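Undergrad: Take this structure first; my questions come after.
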Amino acid sequence: MEALLKIENLSKTFTLHHLDKHIKASQNISIDLKPGEFIGITGRSGSGKSTILKCIYRTYLTAVGDIWYDSEKFGRLNLATATERQMIYLRKYEIGYVSQFLNVMPRTTARQIVEESVLQMGKTLAEAQKEAIKLLTHFNLDPELWDSYPQKFSGGEQLRLNIARAMAKRPRLLLLDEPTASLDAASKLKVRELIEDLKSTGTTMLGIFHDIEFMEGLCDRQFNMEAGNLR
């Protein structure tokens with residue numbers, strides 16, 4: 001089976017010009033993900049895990065290496081050299097990203113955030129409204145908060161909303177950057193249930209975690225990141 005995502009010899013170095021110093025974040029990373037596969041990466045903070053995801057999503061520009069993605073629209077595409085227009089399209093329709101931080105447009109309610117994600121995928125307003133209710137309920141977000149602005153939410157509530165927004169799209173490829181970092185045990189279970197649901201319907205996922213127990217029985221393969229290298 002052809003890989004949906006194939007990373008070849010990826011390296012990323014950051015330069016601190018005022019210190020004349022070079023920091024090696026990720027070095028010689030090679031991974032391939034088959035359609036529907038879930039790969040998990042563990043490692044200490046600062047080991048370079050998030051850098052891999054940000055290079056895939058093109059938050060960071062790749063220094064060395066290729067990131068081949070089998071796009072539904074563009075065919076086989078190197079994300080390291082794709083145009084900005086191509087990346088904007090992929091982020092909107094094919095590749096999802098869940099981080100610990102929620103960035104949204106001002107004066108957009110929690111309900112609207114999830115509904116807009118569903119509408120972007122071509123669903124009707126009725127379908128978007130139904131899916132938003134389903135996901136907000138699933139994550140135990142108080143219905144009194146649904147029509148409030150998330151800037152007033154707690155960190156855990158914002159993270160749950162962020163996950164709901166990304167998963168509402170059911171993307172072809174989902175990148176998970178510490179999605180359970182500030183969640184309690186019950187909320188972690190809710191995230192796990194949605195990941196299992198996405199996996200059952202064919203979403204390919206690459207996630208980084210501190211919580212090794214969370215990954216048990218969930219990931220098809222696991223890697224450990226140490227000083228910028230995968231093991």
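Residues in the structure tokens are named by chain (A, B, ... in the order shown) and by number from 1 within that chain; ligands are numbered from 1 in the order shown.
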Extract, using only C-alpha atoms, all DNA, RNA and protein residues at most 10 Å from region 195-206 of chain A, discarding same-chain residues fewer than 5 positions from it, and format them as number ranges by chain.
TA: A: 4-5, 33-41, 52-53, 95-97, 167-168, 170-177, 189-190, 218-219, 221-222
Undergrad: Looking at A:Leu136, A:Ala164, A:Met215, A:Ala126, which one is nearest to Glu178 (chain A), with distances taken over only C-alpha atoms?
TA: A:Met215
Undergrad: Hey, can you check how far CA of Ile212 (chain A) sits from CA of Pro179 (chain A)?
TA: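 Distance between the two atoms: 12.8 Å.
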Undergrad: Just want the 10 Å neighbourhood of Trp68 (chain A), counted on only C-alpha atoms, with same-chain residues fewer than 3 positions away dropped. Output as an mmCIF file with N, CA, C and O atoms, in the first residue's frame.
TA:
```cif
data_model
loop_
_atom_site.group_PDB
_atom_site.id
_atom_site.type_symbol
_atom_site.label_atom_id
_atom_site.label_comp_id
_atom_site.auth_asym_id
_atom_site.auth_seq_id
_atom_site.Cartn_x
_atom_site.Cartn_y
_atom_site.Cartn_z
ATOM 1 N N ALA A 3 2.204 4.949 0.688
ATOM 2 C CA ALA A 3 2.129 5.805 1.878
ATOM 3 C C ALA A 3 1.314 7.062 1.575
ATOM 4 O O ALA A 3 1.399 7.622 0.487
ATOM 5 N N LEU A 4 0.516 7.497 2.551
ATOM 6 C CA LEU A 4 -0.187 8.772 2.433
ATOM 7 C C LEU A 4 0.791 9.916 2.695
ATOM 8 O O LEU A 4 0.721 10.976 2.070
ATOM 9 N N LEU A 5 1.717 9.661 3.636
ATOM 10 C CA LEU A 5 2.737 10.658 3.985
ATOM 11 C C LEU A 5 4.083 9.963 4.107
ATOM 12 O O LEU A 5 4.185 8.941 4.787
ATOM 13 N N LYS A 6 5.086 10.518 3.454
ATOM 14 C CA LYS A 6 6.422 9.926 3.513
ATOM 15 C C LYS A 6 7.438 11.027 3.766
ATOM 16 O O LYS A 6 7.636 11.907 2.923
ATOM 17 N N ILE A 7 8.082 10.990 4.931
ATOM 18 C CA ILE A 7 9.099 11.969 5.299
ATOM 19 C C ILE A 7 10.468 11.352 5.033
ATOM 20 O O ILE A 7 10.757 10.248 5.506
ATOM 21 N N GLU A 8 11.294 12.069 4.294
ATOM 22 C CA GLU A 8 12.607 11.542 3.916
ATOM 23 C C GLU A 8 13.721 12.486 4.354
ATOM 24 O O GLU A 8 13.823 13.614 3.869
ATOM 25 N N ASP A 32 7.152 6.892 7.302
ATOM 26 C CA ASP A 32 6.078 6.826 6.318
ATOM 27 C C ASP A 32 4.803 6.364 7.012
ATOM 28 O O ASP A 32 4.841 5.523 7.901
ATOM 29 N N ILE A 56 5.580 19.553 8.640
ATOM 30 C CA ILE A 56 4.546 18.964 7.790
ATOM 31 C C ILE A 56 3.472 19.999 7.478
ATOM 32 O O ILE A 56 3.036 20.146 6.333
ATOM 33 N N GLY A 65 15.574 17.900 3.366
ATOM 34 C CA GLY A 65 14.680 16.750 3.305
ATOM 35 C C GLY A 65 13.384 17.026 2.566
ATOM 36 O O GLY A 65 13.096 18.155 2.165
ATOM 37 N N SER A 71 -1.917 14.001 -1.931
ATOM 38 C CA SER A 71 -3.074 14.894 -1.838
ATOM 39 C C SER A 71 -4.215 14.422 -2.728
ATOM 40 O O SER A 71 -4.010 13.958 -3.845
ATOM 41 N N GLY A 75 -2.444 15.419 -6.007
ATOM 42 C CA GLY A 75 -1.631 14.238 -6.246
ATOM 43 C C GLY A 75 -0.416 14.230 -5.324
ATOM 44 O O GLY A 75 -0.425 14.847 -4.261
ATOM 45 N N ARG A 76 0.647 13.557 -5.730
ATOM 46 C CA ARG A 76 1.848 13.465 -4.886
ATOM 47 C C ARG A 76 2.534 14.825 -4.847
ATOM 48 O O ARG A 76 2.948 15.359 -5.874
ATOM 49 N N LEU A 77 2.651 15.373 -3.644
ATOM 50 C CA LEU A 77 3.125 16.744 -3.477
ATOM 51 C C LEU A 77 4.167 16.808 -2.372
ATOM 52 O O LEU A 77 3.988 16.215 -1.299
ATOM 53 N N ASN A 78 5.245 17.534 -2.625
ATOM 54 C CA ASN A 78 6.278 17.727 -1.606
ATOM 55 C C ASN A 78 5.906 18.950 -0.770
ATOM 56 O O ASN A 78 5.979 20.084 -1.241
ATOM 57 N N LEU A 79 5.497 18.723 0.470
ATOM 58 C CA LEU A 79 5.057 19.818 1.326
ATOM 59 C C LEU A 79 6.197 20.780 1.649
ATOM 60 O O LEU A 79 5.956 21.934 2.005
ATOM 61 N N ALA A 80 7.418 20.310 1.523
ATOM 62 C CA ALA A 80 8.572 21.182 1.798
ATOM 63 C C ALA A 80 8.716 22.275 0.751
ATOM 64 O O ALA A 80 9.295 23.330 1.029
ATOM 65 N N THR A 81 8.176 22.032 -0.453
ATOM 66 C CA THR A 81 8.333 23.001 -1.540
ATOM 67 C C THR A 81 6.991 23.433 -2.144
ATOM 68 O O THR A 81 6.967 24.159 -3.135
#
```
Undergrad: DSSP on the backbone, then: every residue of region 8-223 of chain A marked strand (DSSP E), written as a PyMOL selection string.
TA: chain A and resi 8-16+21-33+38-43+64-71+75-78+95-98+173-177+204-208+221-223
Undergrad: Include C-alpha atoms and write out the residues we just selected as a CSV table (one decimal), in the first residue's frame.
TA:
```
chain,number,residue,atom,x,y,z
A,8,GLU,CA,12.6,11.5,3.9
A,9,ASN,CA,15.7,12.7,5.8
A,10,LEU,CA,14.0,15.7,7.3
A,11,SER,CA,16.3,18.1,9.3
A,12,LYS,CA,15.5,21.5,10.9
A,13,THR,CA,18.0,23.8,12.5
A,14,PHE,CA,17.2,27.1,14.2
A,15,THR,CA,19.7,30.0,14.2
A,16,LEU,CA,19.9,32.4,17.1
A,21,LYS,CA,24.3,29.9,17.7
A,22,HIS,CA,22.7,27.0,15.7
A,23,ILE,CA,20.2,24.7,17.4
A,24,LYS,CA,19.5,21.3,15.8
A,25,ALA,CA,15.8,20.5,16.4
A,26,SER,CA,15.2,17.5,14.2
A,27,GLN,CA,17.8,15.5,12.4
A,28,ASN,CA,17.5,12.9,9.6
A,29,ILE,CA,13.9,12.1,10.3
A,30,SER,CA,12.4,9.4,8.0
A,31,ILE,CA,8.8,8.1,8.6
A,32,ASP,CA,6.1,6.8,6.3
A,33,LEU,CA,2.4,6.6,7.2
A,38,PHE,CA,-1.8,6.1,13.6
A,39,ILE,CA,1.8,6.7,14.6
A,40,GLY,CA,2.7,8.1,18.0
A,41,ILE,CA,6.0,9.9,19.0
A,42,THR,CA,7.1,10.3,22.6
A,43,GLY,CA,10.1,12.1,24.0
A,64,VAL,CA,16.8,19.7,4.5
A,65,GLY,CA,14.7,16.7,3.3
A,66,ASP,CA,11.3,16.0,1.6
A,67,ILE,CA,7.8,15.6,2.9
A,68,TRP,CA,5.8,13.7,0.3
A,69,TYR,CA,2.0,13.8,0.7
A,70,ASP,CA,-0.6,12.1,-1.4
A,71,SER,CA,-3.1,14.9,-1.8
A,75,GLY,CA,-1.6,14.2,-6.2
A,76,ARG,CA,1.8,13.5,-4.9
A,77,LEU,CA,3.1,16.7,-3.5
A,78,ASN,CA,6.3,17.7,-1.6
A,95,ILE,CA,-4.7,18.3,6.8
A,96,GLY,CA,-5.9,19.0,10.3
A,97,TYR,CA,-3.7,20.2,13.2
A,98,VAL,CA,-4.5,20.1,16.9
A,173,LEU,CA,-4.4,13.6,7.7
A,174,LEU,CA,-4.6,14.8,11.3
A,175,LEU,CA,-1.5,16.1,13.2
A,176,LEU,CA,-1.9,15.9,17.0
A,177,ASP,CA,0.5,18.1,19.1
A,204,THR,CA,-4.4,8.9,9.0
A,205,MET,CA,-2.8,10.4,12.2
A,206,LEU,CA,0.6,11.4,13.5
A,207,GLY,CA,0.6,12.5,17.1
A,208,ILE,CA,3.1,13.4,19.8
A,221,ARG,CA,3.6,2.2,15.7
A,222,GLN,CA,5.5,4.2,18.3
A,223,PHE,CA,8.8,6.1,18.1
```
Undergrad: Measuring between only C-alpha atoms, which one of A:Asp211, A:Asp142, A:Glu72, A:Glu127 shows the shortest distance to Leu161 (chain A)?
TA: A:Asp142
Undergrad: Where in region 68-223 of chain A does DSSP assign helix (DSSP H, G or I), given as a ChimeraX atom specification?
TA: /A:84-93,110-120,125-138,143-145,150-152,155-168,185-200,212-215
Undergrad: Which of these residues is nearest to Leu119 (chain A), using only C-alpha atoms: A:His210, A:Tyr89, A:Arg165, A:Pro150?
TA: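 Using only C-alpha atoms, Leu119 (chain A) sits closest to A:Arg165.
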Undergrad: Using only C-alpha atoms, which protein or nucleic acid residues come within 12 Å of Gln120 (chain A)? Drop anything in the same chain fewer than 2 positions from it, and give the result as a PyMOL selection string.
TA: chain A and resi 89+91-94+112-118+122-125+127-128+165-166+168-171
